[in-house]
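To start, the structure itself, in structure tokens.
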Amino acid sequence: MTDISHPATNWHRFKPAMLKSPWSLVVVIPALILVFDPTNFTTVIEFAVRAFVGTLPYIVVAVLMIAWLKAAGAEAYVARAFQGRETQMIFMAALLGGLAPFCSCEVIPFIAGLLTLGAPLSAVMAFWLSSPLVDPATLVITAGALGWPFAIGKAVSAIFLGLLGGFSIRMFRTMGAFSNPLRARGNQCNACSSAPHGDKPVWTFWHESGRRQIFGEQFITNAAFLAKWLALAYVLEALLVTYVPASLIAAVVGGDGLLPIATAAVVGMPAYLNGYVAPALLAGLMDQGMSAGAAMSFMVAGAISSIPAMAAVWSLVKPGVFTAYLGLGLSGAIVSGIVFQLIV
């Protein structure tokens, strides 16, 4: 009796944790297809493997780029965006936000520190809105999945949103709003390693053992991160292409009008997938009838307003700033989608 009861207990403990792992889902999803729909098993596997192998060169470039930027301590350039006149700070923050090698964990304490030190909320918001959208690594991943026109459009959208947010907050501040944006001190995050901050980046990082160690750690960590999430993304893309009717996608977010673009932005906010996973899934959705403008709107809105980021922002700033953050992100995503649709 004892031998029979232990396996059942262990299974109940293991199952929830197993389903949280991307690698487990990569295995479980095809296994379920093999059991319930074996005729499509080969189709799904071939699609996912072919897409993943085709993206491998972009993964290598992205991982090397992230590791190099982190080992060099490129955050030094980001700090310069918050020095000088307010207008200059807004422009610099919006531009450098797209180059910052911060993960989503690092951005929150960095911004909390800037606000605590008295940096203008306008410049901080410019960086806040532009930074999650694109960095050199996600730019390459997006280009690999959706093409360079889409990747460039996303980068331009990041700068546009940064400027929109920065100058909008500046206007509101002249009317007396957001005088004290912080709710409480931001929590520190030690999950992401980085080179020591200095006056300028050390691009030839290999001359210092500490930076070489950071490069190696970042390379391994980000290679594992990208591999597992992109593998899951391509399995999900294969499911979309195989099982979701093109007519359904076209009915919800297809077409060239305003409604599909606005709908994609609203849906994208809670349905966020990180910037490495979203391009692959959007490629599948576009193949199924999603318009280019709706895809851009979905990606921009999702990157800005992920649920973890929303929770962190809510704990950091007062409700008015939080509302402005979401409102600017949503409206900027819709405008970005409309403009991109008109251009392409």
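Chain labels follow the order of the structure tokens: the first chain is A, the next B, and so on; residue numbering restarts at 1 in every chain, and ligands are counted from 1 in their shown order.
Look at Met89 in chain A: the protein and nucleic acid residues within 12 Å of it, using only C-alpha atoms and passing over chain neighbours fewer than 3 places away, are A:Val78, A:Ala79, A:Arg80, A:Ala81, A:Phe82, A:Gln83, A:Gly84, A:Arg85, A:Glu86, A:Met92, A:Ala93, A:Ala94, A:Leu95, A:Leu96, A:Gly97, A:Ala119, A:Pro120, A:Leu121, A:Ser122, A:Ala123, A:Val124, A:Met125, A:Ala126, A:Phe127, A:Gly162, A:Leu163, A:Gly166, A:Phe167, A:Arg170.
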Using N, CA, C and O atoms, can you export the residues from the last selection as a tab-separated table (two decimals), in the first residue's frame?
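out.tsv written:
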chain	number	residue	atom	x	y	z
A	78	VAL	N	23.23	55.42	-20.62
A	78	VAL	CA	21.86	55.69	-20.23
A	78	VAL	C	21.79	56.82	-19.21
A	78	VAL	O	20.93	57.69	-19.26
A	79	ALA	N	22.72	56.83	-18.25
A	79	ALA	CA	22.71	57.85	-17.21
A	79	ALA	C	22.86	59.25	-17.79
A	79	ALA	O	22.34	60.22	-17.23
A	80	ARG	N	23.56	59.38	-18.91
A	80	ARG	CA	23.76	60.70	-19.51
A	80	ARG	C	22.47	61.31	-20.04
A	80	ARG	O	22.39	62.51	-20.25
A	81	ALA	N	21.46	60.46	-20.28
A	81	ALA	CA	20.20	60.97	-20.82
A	81	ALA	C	19.49	61.88	-19.84
A	81	ALA	O	18.60	62.64	-20.22
A	82	PHE	N	19.85	61.82	-18.56
A	82	PHE	CA	19.14	62.57	-17.54
A	82	PHE	C	19.97	63.71	-16.98
A	82	PHE	O	19.86	64.09	-15.83
A	83	GLN	N	20.83	64.26	-17.84
A	83	GLN	CA	21.63	65.42	-17.49
A	83	GLN	C	21.40	66.52	-18.52
A	83	GLN	O	21.41	66.26	-19.72
A	84	GLY	N	21.15	67.76	-18.06
A	84	GLY	CA	20.96	68.88	-18.98
A	84	GLY	C	19.57	69.46	-18.87
A	84	GLY	O	18.86	69.27	-17.87
A	85	ARG	N	19.15	70.17	-19.91
A	85	ARG	CA	17.83	70.78	-19.93
A	85	ARG	C	16.75	69.72	-20.13
A	85	ARG	O	17.01	68.65	-20.69
A	86	GLU	N	15.52	70.05	-19.70
A	86	GLU	CA	14.45	69.05	-19.72
A	86	GLU	C	14.15	68.57	-21.13
A	86	GLU	O	13.98	67.37	-21.36
A	92	MET	N	16.98	62.63	-25.33
A	92	MET	CA	18.04	61.66	-25.07
A	92	MET	C	17.49	60.39	-24.43
A	92	MET	O	17.90	59.28	-24.76
A	93	ALA	N	16.54	60.55	-23.51
A	93	ALA	CA	15.96	59.38	-22.84
A	93	ALA	C	15.19	58.52	-23.82
A	93	ALA	O	15.25	57.28	-23.77
A	94	ALA	N	14.43	59.16	-24.73
A	94	ALA	CA	13.67	58.40	-25.72
A	94	ALA	C	14.59	57.65	-26.67
A	94	ALA	O	14.33	56.50	-27.04
A	95	LEU	N	15.68	58.29	-27.08
A	95	LEU	CA	16.62	57.65	-28.01
A	95	LEU	C	17.40	56.53	-27.34
A	95	LEU	O	17.53	55.42	-27.89
A	96	LEU	N	17.91	56.79	-26.15
A	96	LEU	CA	18.75	55.80	-25.49
A	96	LEU	C	17.93	54.67	-24.86
A	96	LEU	O	18.48	53.61	-24.56
A	97	GLY	N	16.62	54.90	-24.69
A	97	GLY	CA	15.78	53.83	-24.16
A	97	GLY	C	15.82	52.60	-25.04
A	97	GLY	O	15.75	51.47	-24.55
A	119	ALA	N	15.22	63.35	-10.81
A	119	ALA	CA	15.16	63.44	-12.27
A	119	ALA	C	13.73	63.78	-12.69
A	119	ALA	O	12.77	63.28	-12.10
A	120	PRO	N	13.55	64.64	-13.69
A	120	PRO	CA	12.20	65.02	-14.12
A	120	PRO	C	11.39	63.81	-14.56
A	120	PRO	O	11.89	62.94	-15.28
A	121	LEU	N	10.13	63.74	-14.13
A	121	LEU	CA	9.27	62.64	-14.51
A	121	LEU	C	9.10	62.57	-16.02
A	121	LEU	O	8.94	61.48	-16.58
A	122	SER	N	9.16	63.71	-16.70
A	122	SER	CA	8.99	63.71	-18.16
A	122	SER	C	10.08	62.89	-18.84
A	122	SER	O	9.81	62.05	-19.71
A	123	ALA	N	11.34	63.11	-18.45
A	123	ALA	CA	12.44	62.36	-19.04
A	123	ALA	C	12.40	60.90	-18.62
A	123	ALA	O	12.68	59.99	-19.42
A	124	VAL	N	12.04	60.65	-17.37
A	124	VAL	CA	11.94	59.28	-16.89
A	124	VAL	C	10.86	58.52	-17.65
A	124	VAL	O	11.02	57.37	-18.03
A	125	MET	N	9.70	59.18	-17.89
A	125	MET	CA	8.62	58.54	-18.64
A	125	MET	C	9.04	58.26	-20.08
A	125	MET	O	8.65	57.23	-20.64
A	126	ALA	N	9.80	59.16	-20.66
A	126	ALA	CA	10.30	58.93	-22.03
A	126	ALA	C	11.12	57.65	-22.09
A	126	ALA	O	10.97	56.83	-22.99
A	127	PHE	N	12.00	57.48	-21.12
A	127	PHE	CA	12.81	56.26	-21.06
A	127	PHE	C	11.96	55.05	-20.73
A	127	PHE	O	12.13	53.96	-21.30
A	162	GLY	N	8.37	57.31	-26.59
A	162	GLY	CA	9.18	58.01	-25.60
A	162	GLY	C	8.95	59.51	-25.66
A	162	GLY	O	8.76	60.18	-24.63
A	163	LEU	N	8.97	60.07	-26.86
A	163	LEU	CA	8.75	61.51	-27.03
A	163	LEU	C	7.32	61.89	-26.65
A	163	LEU	O	7.09	62.92	-25.99
A	166	GLY	N	7.14	61.71	-22.82
A	166	GLY	CA	7.93	62.75	-22.18
A	166	GLY	C	7.30	64.12	-22.28
A	166	GLY	O	7.16	64.83	-21.26
A	167	PHE	N	6.89	64.50	-23.47
A	167	PHE	CA	6.34	65.85	-23.65
A	167	PHE	C	4.91	65.96	-23.11
A	167	PHE	O	4.48	67.04	-22.69
A	170	ARG	N	5.42	66.49	-19.46
A	170	ARG	CA	5.92	67.86	-19.26
A	170	ARG	C	4.76	68.86	-19.30
A	170	ARG	O	4.70	69.78	-18.49
| field | 8 Å contact set for Ile66 in chain A, only C-alpha atoms, chain neighbours under 2 positions out, as a ChimeraX atom specification | value | /A:62-64,68-70,101,136-137,218-219,222
| query | CA of Ala67 in chain A to CA of Ser209 in chain A: how many Å, to one decimal? | reply |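 Between CA of Ala67 in chain A and CA of Ser209 in chain A the gap works out to 14.3 Å.
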| task | With a distance cut-off of 8 Å and only C-alpha atoms, select the neighbouring residues of range 290-298 of chain A, excluding the residue or stretch itself and same-chain residues fewer than 3 positions from it, and output the selection as an MDAnalysis selection string. | result | chainID A and resid 150 154 249:250 253:256 260:269 282 285:287 301:302 333:342 344
| field | Atomic separation - CA of Phe91 in chain A relative to CA of Phe160 in chain A, Å | value | 10.0 Å
| said: Residues near range 34-41 of chain A, anyone? I mean within 12 Å using only C-alpha atoms, not counting same-chain ones fewer than 2 positions away, as a PyMOL selection string. | reply: chain A and resi 27-32+43-48+235+238-239+241-243
| Counting only C-alpha atoms, the option among A:Leu182, A:Ala283, A:Val53, A:Ala278 closest to Val321 in chain A | A:Leu182
| query | Just how far from CA of Phe215 in chain A is CA of Ala71 in chain A, in Å to one decimal? | reply | 5.1 Å
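Distances from A:Thr55, A:Gln213, A:Gln88, A:Thr221 to Leu146 in chain A were compared using only C-alpha atoms, and the smallest one belongs to A:Thr55.
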| A:Val317, A:Leu281, A:Leu258, A:Ile343 ranked by distance to Trp229 in chain A, top pick (using only C-alpha atoms) |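 So, comparing all the options, the nearest one is A:Leu281.
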